[in-house]
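What's in protein-v3.cif: mmCIF, C-alpha atoms
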```cif
data_structure
loop_
_atom_site.label_atom_id
_atom_site.label_comp_id
_atom_site.auth_asym_id
_atom_site.auth_seq_id
_atom_site.Cartn_x
_atom_site.Cartn_y
_atom_site.Cartn_z
CA MET A 243 -28.43 10.29 -78.37
CA THR A 244 -28.53 9.07 -81.95
CA ILE A 245 -28.89 11.50 -84.83
CA ILE A 246 -30.74 10.25 -87.91
CA SER A 247 -31.02 12.39 -91.03
CA ASN A 248 -32.18 12.31 -94.62
CA ALA A 249 -32.40 14.96 -97.33
CA PHE A 250 -35.19 16.77 -95.50
CA HIS A 251 -34.85 16.02 -91.81
CA CYS A 252 -32.37 15.88 -88.98
CA VAL A 253 -34.15 14.14 -86.14
CA ALA A 254 -32.89 13.38 -82.62
CA PHE A 255 -34.14 10.28 -80.83
CA PRO A 256 -33.05 10.46 -77.15
CA GLY A 257 -32.36 7.00 -75.75
CA PHE A 258 -33.05 5.27 -79.05
CA THR A 259 -30.65 3.41 -81.30
CA PHE A 260 -31.28 1.21 -84.30
CA PHE A 261 -30.45 -2.39 -85.07
CA PRO A 262 -27.78 -2.99 -87.74
CA CYS A 263 -28.38 -2.46 -91.44
CA GLU A 264 -29.29 -5.56 -93.46
CA PRO A 265 -26.79 -5.48 -96.38
CA GLU A 266 -28.74 -7.93 -98.52
CA VAL A 267 -31.86 -5.76 -98.31
CA GLY A 268 -29.91 -2.54 -98.79
CA ILE A 269 -31.15 1.01 -99.26
CA VAL A 270 -34.23 1.72 -101.37
CA GLU A 271 -33.51 3.84 -104.44
CA PRO A 272 -36.37 6.38 -104.60
CA VAL A 273 -38.27 6.63 -107.87
CA SER A 274 -40.39 9.44 -109.28
CA GLU A 275 -44.13 9.77 -108.81
CA GLU A 276 -44.57 8.89 -112.48
CA ALA A 277 -42.64 5.67 -111.95
CA LEU A 278 -44.72 4.91 -108.85
CA ALA A 279 -47.87 5.50 -110.88
CA GLY A 280 -46.68 2.96 -113.40
CA LEU A 281 -46.29 0.41 -110.63
CA LEU A 282 -49.53 1.22 -108.81
CA ARG A 283 -52.00 1.75 -111.63
CA ASN A 284 -54.86 -0.77 -111.40
CA LYS A 285 -53.65 -1.91 -107.95
CA GLN A 286 -55.93 -2.20 -104.92
CA ALA A 287 -54.82 -1.26 -101.41
CA LEU A 288 -56.37 -1.52 -97.95
CA VAL A 289 -55.06 0.90 -95.31
CA VAL A 290 -56.17 -0.05 -91.79
CA GLY A 291 -55.88 3.15 -89.79
CA GLY A 292 -56.03 5.17 -93.00
CA THR A 293 -58.45 7.88 -91.87
CA SER A 294 -55.93 9.97 -89.93
CA GLY A 295 -52.23 10.51 -89.20
CA ILE A 296 -49.63 8.31 -90.86
CA GLY A 297 -52.28 6.03 -92.33
CA ARG A 298 -54.02 8.88 -94.08
CA GLY A 299 -50.67 10.09 -95.40
CA ILE A 300 -50.05 6.64 -96.90
CA ALA A 301 -53.60 6.41 -98.27
CA GLU A 302 -53.31 9.79 -100.00
CA ALA A 303 -49.90 8.87 -101.41
CA LEU A 304 -51.39 5.67 -102.86
CA ALA A 305 -54.24 7.67 -104.42
CA ARG A 306 -51.85 10.26 -105.85
CA CYS A 307 -49.84 7.48 -107.47
CA GLY A 308 -52.73 5.64 -109.10
CA ALA A 309 -54.00 2.95 -106.70
CA SER A 310 -57.56 2.36 -105.61
CA VAL A 311 -57.83 2.49 -101.82
CA VAL A 312 -60.12 1.32 -99.02
CA VAL A 313 -59.43 3.05 -95.70
CA VAL A 314 -60.51 1.78 -92.29
CA GLY A 315 -60.93 3.84 -89.12
CA SER A 316 -63.07 4.33 -86.04
CA SER A 317 -64.77 7.54 -87.25
CA SER A 318 -67.15 7.67 -90.20
CA ALA A 319 -66.63 11.44 -90.50
CA ARG A 320 -62.86 11.05 -90.79
CA GLY A 321 -63.40 8.20 -93.22
CA GLN A 322 -65.47 10.34 -95.55
CA ALA A 323 -62.95 13.18 -95.26
CA ALA A 324 -60.21 10.75 -96.29
CA VAL A 325 -62.23 9.61 -99.30
CA THR A 326 -62.75 13.23 -100.36
CA ALA A 327 -59.04 13.95 -99.99
CA MET A 328 -58.03 10.86 -101.98
CA SER A 329 -60.48 11.69 -104.75
CA ALA A 330 -59.02 15.20 -105.00
CA VAL A 331 -55.47 13.92 -105.62
CA ALA A 332 -56.25 10.80 -107.67
CA LYS A 333 -53.82 10.20 -110.53
CA PHE A 334 -56.37 8.40 -112.71
CA PRO A 335 -59.72 9.65 -111.35
CA SER A 336 -61.84 7.82 -113.91
CA GLU A 337 -60.21 4.50 -112.99
CA GLN A 338 -59.60 4.67 -109.26
CA LYS A 339 -62.14 3.83 -106.57
CA PHE A 340 -62.10 4.97 -102.95
CA ARG A 341 -64.22 4.04 -99.97
CA ALA A 342 -64.12 4.10 -96.19
CA ILE A 343 -65.19 1.53 -93.63
CA THR A 344 -65.88 2.28 -89.97
CA ALA A 345 -64.82 -0.54 -87.65
CA ASP A 346 -64.10 -1.41 -84.03
CA LEU A 347 -60.64 -2.96 -84.23
CA LEU A 348 -60.25 -3.30 -80.46
CA THR A 349 -62.14 -6.60 -80.49
CA VAL A 350 -61.71 -9.76 -82.52
CA LYS A 351 -65.41 -9.68 -83.49
CA GLY A 352 -64.96 -6.13 -84.74
CA CYS A 353 -61.96 -7.15 -86.83
CA VAL A 354 -63.82 -10.11 -88.30
CA ALA A 355 -66.83 -7.88 -89.08
CA LEU A 356 -64.51 -5.51 -90.93
CA THR A 357 -63.13 -8.27 -93.13
CA LYS A 358 -66.64 -9.28 -94.16
CA GLN A 359 -67.03 -5.84 -95.75
CA ILE A 360 -64.00 -6.32 -98.00
CA ASN A 361 -64.69 -7.95 -101.36
CA GLU A 362 -61.87 -6.49 -103.43
CA SER A 363 -58.83 -8.58 -104.36
CA LEU A 364 -55.92 -6.92 -102.60
CA ASP A 365 -52.40 -6.13 -103.79
CA PHE A 366 -51.38 -4.19 -100.66
CA VAL A 367 -52.51 -4.21 -97.04
CA VAL A 368 -51.05 -1.52 -94.77
CA PHE A 369 -51.56 -1.37 -90.99
CA THR A 370 -51.00 1.87 -89.09
CA VAL A 371 -53.68 1.63 -86.41
CA GLY A 372 -52.44 1.94 -82.83
CA ILE A 373 -52.99 3.45 -79.41
CA TRP A 374 -50.99 4.62 -76.40
CA PRO A 375 -51.54 2.71 -73.12
CA ASP A 376 -54.80 3.59 -71.41
CA LYS A 377 -53.99 3.38 -67.71
CA GLU A 378 -57.58 4.20 -66.66
CA SER A 379 -59.24 1.49 -68.74
CA PRO A 380 -56.44 -0.68 -70.15
CA ARG A 381 -58.34 -3.72 -71.44
CA THR A 382 -60.81 -4.32 -74.23
CA THR A 383 -64.03 -6.24 -73.73
CA ASP A 384 -62.05 -9.27 -74.97
CA GLY A 385 -59.83 -8.90 -71.91
CA VAL A 386 -56.78 -7.92 -73.99
CA ASP A 387 -54.67 -4.84 -73.32
CA LYS A 388 -55.70 -2.19 -75.84
CA VAL A 389 -52.16 -1.63 -77.11
CA LEU A 390 -51.70 -5.32 -77.88
CA ALA A 391 -55.22 -5.55 -79.27
CA LEU A 392 -54.49 -2.95 -81.96
CA ASP A 393 -50.76 -3.34 -82.53
CA VAL A 394 -50.68 -7.12 -82.70
CA LEU A 395 -53.98 -9.02 -82.48
CA ALA A 396 -55.99 -6.83 -84.88
CA ARG A 397 -53.25 -6.96 -87.53
CA PHE A 398 -53.08 -10.73 -87.24
CA VAL A 399 -56.85 -11.26 -87.39
CA VAL A 400 -57.43 -8.98 -90.38
CA THR A 401 -54.57 -10.57 -92.33
CA GLU A 402 -55.75 -14.10 -91.62
CA LYS A 403 -59.37 -13.38 -92.50
CA LEU A 404 -58.39 -11.61 -95.73
CA ALA A 405 -55.72 -14.10 -96.83
CA HIS A 406 -58.01 -15.52 -99.53
CA LEU A 407 -58.27 -12.05 -101.12
CA LEU A 408 -54.52 -11.45 -101.35
CA ASN A 409 -53.33 -11.49 -104.95
CA ALA A 410 -50.20 -13.29 -106.05
CA GLU A 411 -47.13 -11.36 -104.82
CA ALA A 412 -49.27 -9.24 -102.48
CA ARG A 413 -47.48 -7.19 -99.83
CA VAL A 414 -48.52 -6.66 -96.20
CA MET A 415 -46.90 -3.71 -94.43
CA SER A 416 -47.11 -3.08 -90.68
CA VAL A 417 -46.05 0.39 -89.50
CA LEU A 418 -44.93 0.56 -85.88
CA GLY A 419 -41.45 0.30 -84.36
CA SER A 420 -39.47 -2.15 -86.46
CA THR A 421 -35.66 -1.72 -86.43
CA VAL A 422 -35.72 0.42 -83.24
CA ARG A 423 -33.72 -0.62 -80.21
CA ALA A 424 -35.74 1.11 -77.48
CA PRO A 425 -34.62 0.51 -73.88
CA PRO A 426 -35.56 -1.20 -71.71
CA ALA A 427 -36.04 -4.25 -73.94
CA PRO A 428 -38.72 -6.54 -72.45
CA SER A 429 -37.80 -10.20 -72.05
CA ILE A 430 -39.65 -13.00 -73.84
CA GLU A 431 -41.18 -14.05 -70.51
CA THR A 432 -42.42 -10.50 -69.86
CA MET A 433 -43.97 -10.33 -73.33
CA LYS A 434 -45.74 -13.63 -72.78
CA GLN A 435 -47.10 -12.37 -69.46
CA LEU A 436 -48.36 -9.17 -71.08
CA MET A 437 -50.00 -11.05 -73.94
CA THR A 438 -51.76 -13.53 -71.64
CA GLY A 439 -52.77 -10.83 -69.15
CA VAL A 440 -50.81 -12.40 -66.30
CA LYS A 441 -48.88 -9.15 -66.03
CA SER A 442 -51.12 -6.08 -65.82
CA SER A 443 -48.68 -3.55 -64.36
CA TYR A 444 -46.13 -2.04 -66.74
CA SER A 445 -44.45 1.16 -67.82
CA THR A 446 -45.40 2.83 -71.10
CA PRO A 447 -41.97 2.13 -72.70
CA GLN A 448 -42.19 -1.51 -71.62
CA MET A 449 -45.60 -2.00 -73.24
CA LEU A 450 -44.69 -0.16 -76.43
CA GLY A 451 -41.46 -2.15 -76.70
CA ALA A 452 -43.34 -5.41 -76.18
CA ALA A 453 -45.97 -4.54 -78.77
CA GLY A 454 -43.34 -3.68 -81.37
CA SER A 455 -41.35 -6.86 -80.73
CA LEU A 456 -44.46 -9.06 -80.79
CA MET A 457 -45.60 -7.46 -84.02
CA ASP A 458 -42.20 -8.06 -85.63
CA THR A 459 -42.28 -11.68 -84.43
CA TRP A 460 -45.69 -12.18 -86.05
CA LEU A 461 -44.39 -10.71 -89.31
CA GLN A 462 -41.33 -12.96 -89.26
CA SER A 463 -43.51 -16.05 -88.78
CA ALA A 464 -46.22 -15.12 -91.32
CA PRO A 465 -44.53 -16.26 -94.59
CA LYS A 466 -44.51 -19.85 -93.29
CA TYR A 467 -48.31 -19.76 -93.37
CA HIS A 468 -48.70 -17.46 -96.39
CA PRO A 469 -46.03 -18.38 -98.95
CA GLY A 470 -45.76 -15.91 -101.81
CA VAL A 471 -46.91 -12.93 -99.72
CA THR A 472 -44.23 -10.38 -98.79
CA PHE A 473 -44.34 -8.98 -95.24
CA ILE A 474 -42.77 -5.64 -94.29
CA GLY A 475 -42.28 -3.96 -90.92
CA THR A 476 -41.35 -0.27 -90.71
CA PHE A 477 -40.36 2.49 -88.35
CA PRO A 478 -41.87 5.79 -89.58
CA GLY A 479 -39.78 8.31 -87.63
CA ILE A 480 -41.25 11.37 -85.92
CA VAL A 481 -44.40 12.38 -87.76
CA GLY A 482 -46.62 15.40 -87.12
CA THR A 483 -49.84 13.74 -85.95
CA GLY A 484 -52.04 14.28 -82.91
CA LEU A 485 -51.16 10.94 -81.31
CA ILE A 486 -48.78 12.37 -78.70
CA THR A 487 -50.48 15.72 -78.09
CA THR A 488 -53.90 14.10 -77.48
CA SER A 489 -52.74 11.05 -75.54
CA LYS A 490 -54.19 10.72 -72.02
CA THR A 491 -51.19 8.57 -71.08
CA ILE A 492 -48.74 11.47 -71.37
CA PRO A 493 -48.93 14.27 -68.74
CA SER A 494 -50.50 17.45 -70.13
CA CYS A 495 -47.36 19.51 -69.43
CA PHE A 496 -45.27 17.12 -71.54
CA ARG A 497 -47.88 17.04 -74.31
CA CYS A 498 -47.39 20.77 -74.80
CA ILE A 499 -43.62 20.35 -75.03
CA ALA A 500 -43.97 17.35 -77.34
CA GLY A 501 -46.21 19.38 -79.63
CA LYS A 502 -43.56 22.09 -79.94
CA VAL A 503 -40.83 19.51 -80.59
CA GLN A 504 -42.97 17.91 -83.29
CA LYS A 505 -43.28 21.20 -85.12
CA VAL A 506 -39.49 21.50 -85.28
CA PHE A 507 -38.44 17.93 -86.07
CA ALA A 508 -41.44 16.06 -87.46
CA MET A 509 -42.06 15.23 -91.08
CA THR A 510 -45.60 15.61 -92.36
CA PRO A 511 -47.92 12.62 -92.84
CA THR A 512 -47.67 13.31 -96.60
CA GLU A 513 -43.87 13.02 -96.56
CA CYS A 514 -44.09 9.93 -94.38
CA GLY A 515 -46.66 8.44 -96.75
CA MET A 516 -44.41 8.87 -99.78
CA ASN A 517 -41.47 7.29 -97.89
CA HIS A 518 -43.62 4.26 -97.15
CA LEU A 519 -44.76 4.04 -100.73
CA GLN A 520 -41.14 3.87 -101.90
CA VAL A 521 -40.57 0.92 -99.56
CA LEU A 522 -43.89 -0.75 -100.34
CA VAL A 523 -43.17 -1.15 -104.07
CA SER A 524 -39.38 -1.54 -103.89
CA PRO A 525 -37.51 -4.63 -105.09
CA ASN A 526 -35.58 -4.44 -101.79
CA ALA A 527 -38.60 -5.81 -99.94
CA ASN A 528 -38.35 -9.03 -101.96
CA LYS A 529 -34.89 -9.91 -100.64
CA TYR A 530 -36.46 -11.97 -97.84
CA PRO A 531 -40.04 -13.12 -97.15
CA THR A 532 -40.08 -10.59 -94.29
CA THR A 533 -38.04 -7.38 -94.29
CA TYR A 534 -37.80 -4.44 -91.88
CA PHE A 535 -37.11 -0.82 -92.80
CA ASN A 536 -36.19 2.45 -91.17
CA THR A 537 -38.17 4.61 -93.59
CA ILE A 538 -36.42 7.85 -92.63
CA ARG A 539 -33.42 6.76 -94.68
CA LEU A 540 -35.24 4.00 -96.60
CA GLU A 541 -32.79 1.51 -95.09
CA GLY A 542 -33.33 -2.20 -94.74
CA ARG A 543 -32.34 -3.16 -91.19
CA ARG A 544 -32.46 -6.00 -88.72
CA THR A 545 -35.02 -5.80 -85.93
CA ASN A 546 -35.33 -7.08 -82.36
CA PRO A 547 -33.53 -10.46 -82.14
CA VAL A 548 -36.55 -12.08 -80.48
CA ALA A 549 -38.39 -11.78 -83.82
CA TYR A 550 -35.99 -14.35 -85.29
CA ASP A 551 -36.45 -16.80 -82.41
CA SER A 552 -38.40 -19.64 -84.05
CA GLU A 553 -39.64 -21.12 -80.76
CA PHE A 554 -40.99 -17.76 -79.62
CA GLY A 555 -42.46 -17.21 -83.09
CA GLU A 556 -44.39 -20.47 -82.82
CA TRP A 557 -45.69 -19.44 -79.40
CA VAL A 558 -46.85 -16.04 -80.67
CA TRP A 559 -48.57 -17.56 -83.70
CA SER A 560 -50.33 -20.24 -81.64
CA PHE A 561 -51.47 -17.68 -79.07
CA LEU A 562 -52.91 -15.38 -81.75
CA GLU A 563 -54.66 -18.29 -83.49
CA ASP A 564 -56.17 -19.33 -80.18
CA ARG A 565 -57.44 -15.79 -79.49
CA LEU A 566 -59.01 -15.65 -82.95
CA ALA A 567 -60.73 -19.01 -82.48
CA LYS A 568 -62.06 -18.23 -79.00
CA LEU A 569 -63.12 -14.60 -79.45
CA ARG A 570 -64.57 -14.42 -82.94
#
```
Could you quickly redo this structure as structure tokens?
Amino acid sequence: MTIISNAFHCVAFPGFTFFPCEPEVGIVEPVSEEALAGLLRNKQALVVGGTSGIGRGIAEALARCGASVVVVGSSSARGQAAVTAMSAVAKFPSEQKFRAITADLLTVKGCVALTKQINESLDFVVFTVGIWPDKESPRTTDGVDKVLALDVLARFVVTEKLAHLLNAEARVMSVLGSTVRAPPAPSIETMKQLMTGVKSSYSTPQMLGAAGSLMDTWLQSAPKYHPGVTFIGTFPGIVGTGLITTSKTIPSCFRCIAGKVQKVFAMTPTECGMNHLQVLVSPNANKYPTTYFNTIRLEGRRTNPVAYDSEFGEWVWSFLEDRLAKLR
């Protein structure tokens, strides 16, 4: 058992450890909300998954610190609620603009349709959308496992289709499981089989580990195709959202226990959002074209070694490009 703590939390992660710190990236020095507002005023952000949970926490933090924000989610009602909440905390209400888009991110066509509704030049793109394995109906209409569709393919497609709107020195942040060493680590061959659909039987930890590693690999490869854009992968820690307590994948008896554990150990989406904001605007994220952070301590860390495997990175990129071309 590894114990991770910061000024506000002491959180236990059974069975989890973290990859080593990255000394060159270092630890982010938090700045005040006023300083954040100075950095974010007149900036435009897109938060995919920003209508609930961690994404909404990040979206509200951006609004509170002066950015204009577009949120994307699957529910129009939650989208409008997010817009109302952002408007209520806006730092510069006469300057900032907020809107919500409802989209089906489980399919490539849905992702492409979303991007056609974006016309703002973007300084920040943040991805928090995700799903637990659906053992009853695991695949999308594209024939892709739902976890991989949201955690990997959707993030790739939206970034590629919005690349022309990314401003100079734009930053793309993907929130999932970067820096976490979660056993059992799936092999490269297993991840390829899961991505191609050759392997359809898996455990929940195996799929979640594969999705996180594949996402990190995509992020590591992305600067080659988008020079000047900074890519960031993060691990958010335990956050008080409904993802675990409403998941059909987890037995109902465990959901109840997990809900009680969350109340004791979890940070709020608001706290998590502010942690991510500190990383998003930090100079630490410029140390490499792609950096990975444990946001509980704001530490720059290494991530799964497969992400740095250039041959595997080329395979992942080619596979995702092929899916985009065939399914759009």
Written as JSON, numbers by chain, which residues does the PyMOL selection byres ((chain A and resi 303-310) around 9) give for the file shown?
-> {"A": [275, 276, 277, 278, 279, 280, 281, 282, 283, 284, 285, 286, 287, 288, 298, 299, 300, 301, 302, 311, 312, 328, 329, 330, 331, 332, 333, 334, 335, 337, 338, 339, 340, 341, 512, 513, 515, 516, 518, 519]}
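One finds atom CA of A:Met415 at 7.5 Å from atom CA of A:Thr476.
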Please identify all polymer residues within 9 Å of stretch 291-296 of chain A, counting only C-alpha atoms, omitting same-chain residues fewer than 2 positions from it, and present them as a VMD selection string.
-> chain A and resid 288 to 289 298 to 302 312 to 318 320 to 325 342 368 to 372 417 478 481 to 485 510 to 512 514 to 515
Could the residues in this selection be written to a file with C-alpha atoms, as a JSON list (two decimals), keeping the file's coordinate frame?
```
[["chain", "number", "residue", "atom", "x", "y", "z"],
["A", 288, "LEU", "CA", -56.37, -1.52, -97.95],
["A", 289, "VAL", "CA", -55.06, 0.90, -95.31],
["A", 298, "ARG", "CA", -54.02, 8.88, -94.08],
["A", 299, "GLY", "CA", -50.67, 10.09, -95.40],
["A", 300, "ILE", "CA", -50.05, 6.64, -96.90],
["A", 301, "ALA", "CA", -53.60, 6.41, -98.27],
["A", 302, "GLU", "CA", -53.31, 9.79, -100.00],
["A", 312, "VAL", "CA", -60.12, 1.32, -99.02],
["A", 313, "VAL", "CA", -59.43, 3.05, -95.70],
["A", 314, "VAL", "CA", -60.51, 1.78, -92.29],
["A", 315, "GLY", "CA", -60.93, 3.84, -89.12],
["A", 316, "SER", "CA", -63.07, 4.33, -86.04],
["A", 317, "SER", "CA", -64.77, 7.54, -87.25],
["A", 318, "SER", "CA", -67.15, 7.67, -90.20],
["A", 320, "ARG", "CA", -62.86, 11.05, -90.79],
["A", 321, "GLY", "CA", -63.40, 8.20, -93.22],
["A", 322, "GLN", "CA", -65.47, 10.34, -95.55],
["A", 323, "ALA", "CA", -62.95, 13.18, -95.26],
["A", 324, "ALA", "CA", -60.21, 10.75, -96.29],
["A", 325, "VAL", "CA", -62.23, 9.61, -99.30],
["A", 342, "ALA", "CA", -64.12, 4.10, -96.19],
["A", 368, "VAL", "CA", -51.05, -1.52, -94.77],
["A", 369, "PHE", "CA", -51.56, -1.37, -90.99],
["A", 370, "THR", "CA", -51.00, 1.87, -89.09],
["A", 371, "VAL", "CA", -53.68, 1.63, -86.41],
["A", 372, "GLY", "CA", -52.44, 1.94, -82.83],
["A", 417, "VAL", "CA", -46.05, 0.39, -89.50],
["A", 478, "PRO", "CA", -41.87, 5.79, -89.58],
["A", 481, "VAL", "CA", -44.40, 12.38, -87.76],
["A", 482, "GLY", "CA", -46.62, 15.40, -87.12],
["A", 483, "THR", "CA", -49.84, 13.74, -85.95],
["A", 484, "GLY", "CA", -52.04, 14.28, -82.91],
["A", 485, "LEU", "CA", -51.16, 10.94, -81.31],
["A", 510, "THR", "CA", -45.60, 15.61, -92.36],
["A", 511, "PRO", "CA", -47.92, 12.62, -92.84],
["A", 512, "THR", "CA", -47.67, 13.31, -96.60],
["A", 514, "CYS", "CA", -44.09, 9.93, -94.38],
["A", 515, "GLY", "CA", -46.66, 8.44, -96.75]]
```
Expected residue set, 12 Å radius at (-33.4, 0.1, -102.2), only C-alpha atoms, as number ranges by chain = A: 264-273, 517, 520-529, 533, 535-537, 539-543
Interatomic distance (Å, one decimal) between atom CA of A:Val471 and atom CA of A:Thr401 = 10.9 Å
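Ranking A:Tyr444, A:Trp374, A:Phe473, A:Trp460 by their shortest atom-to-atom distance to A:Val394, with all atoms listed in the file included, puts A:Trp460 first.
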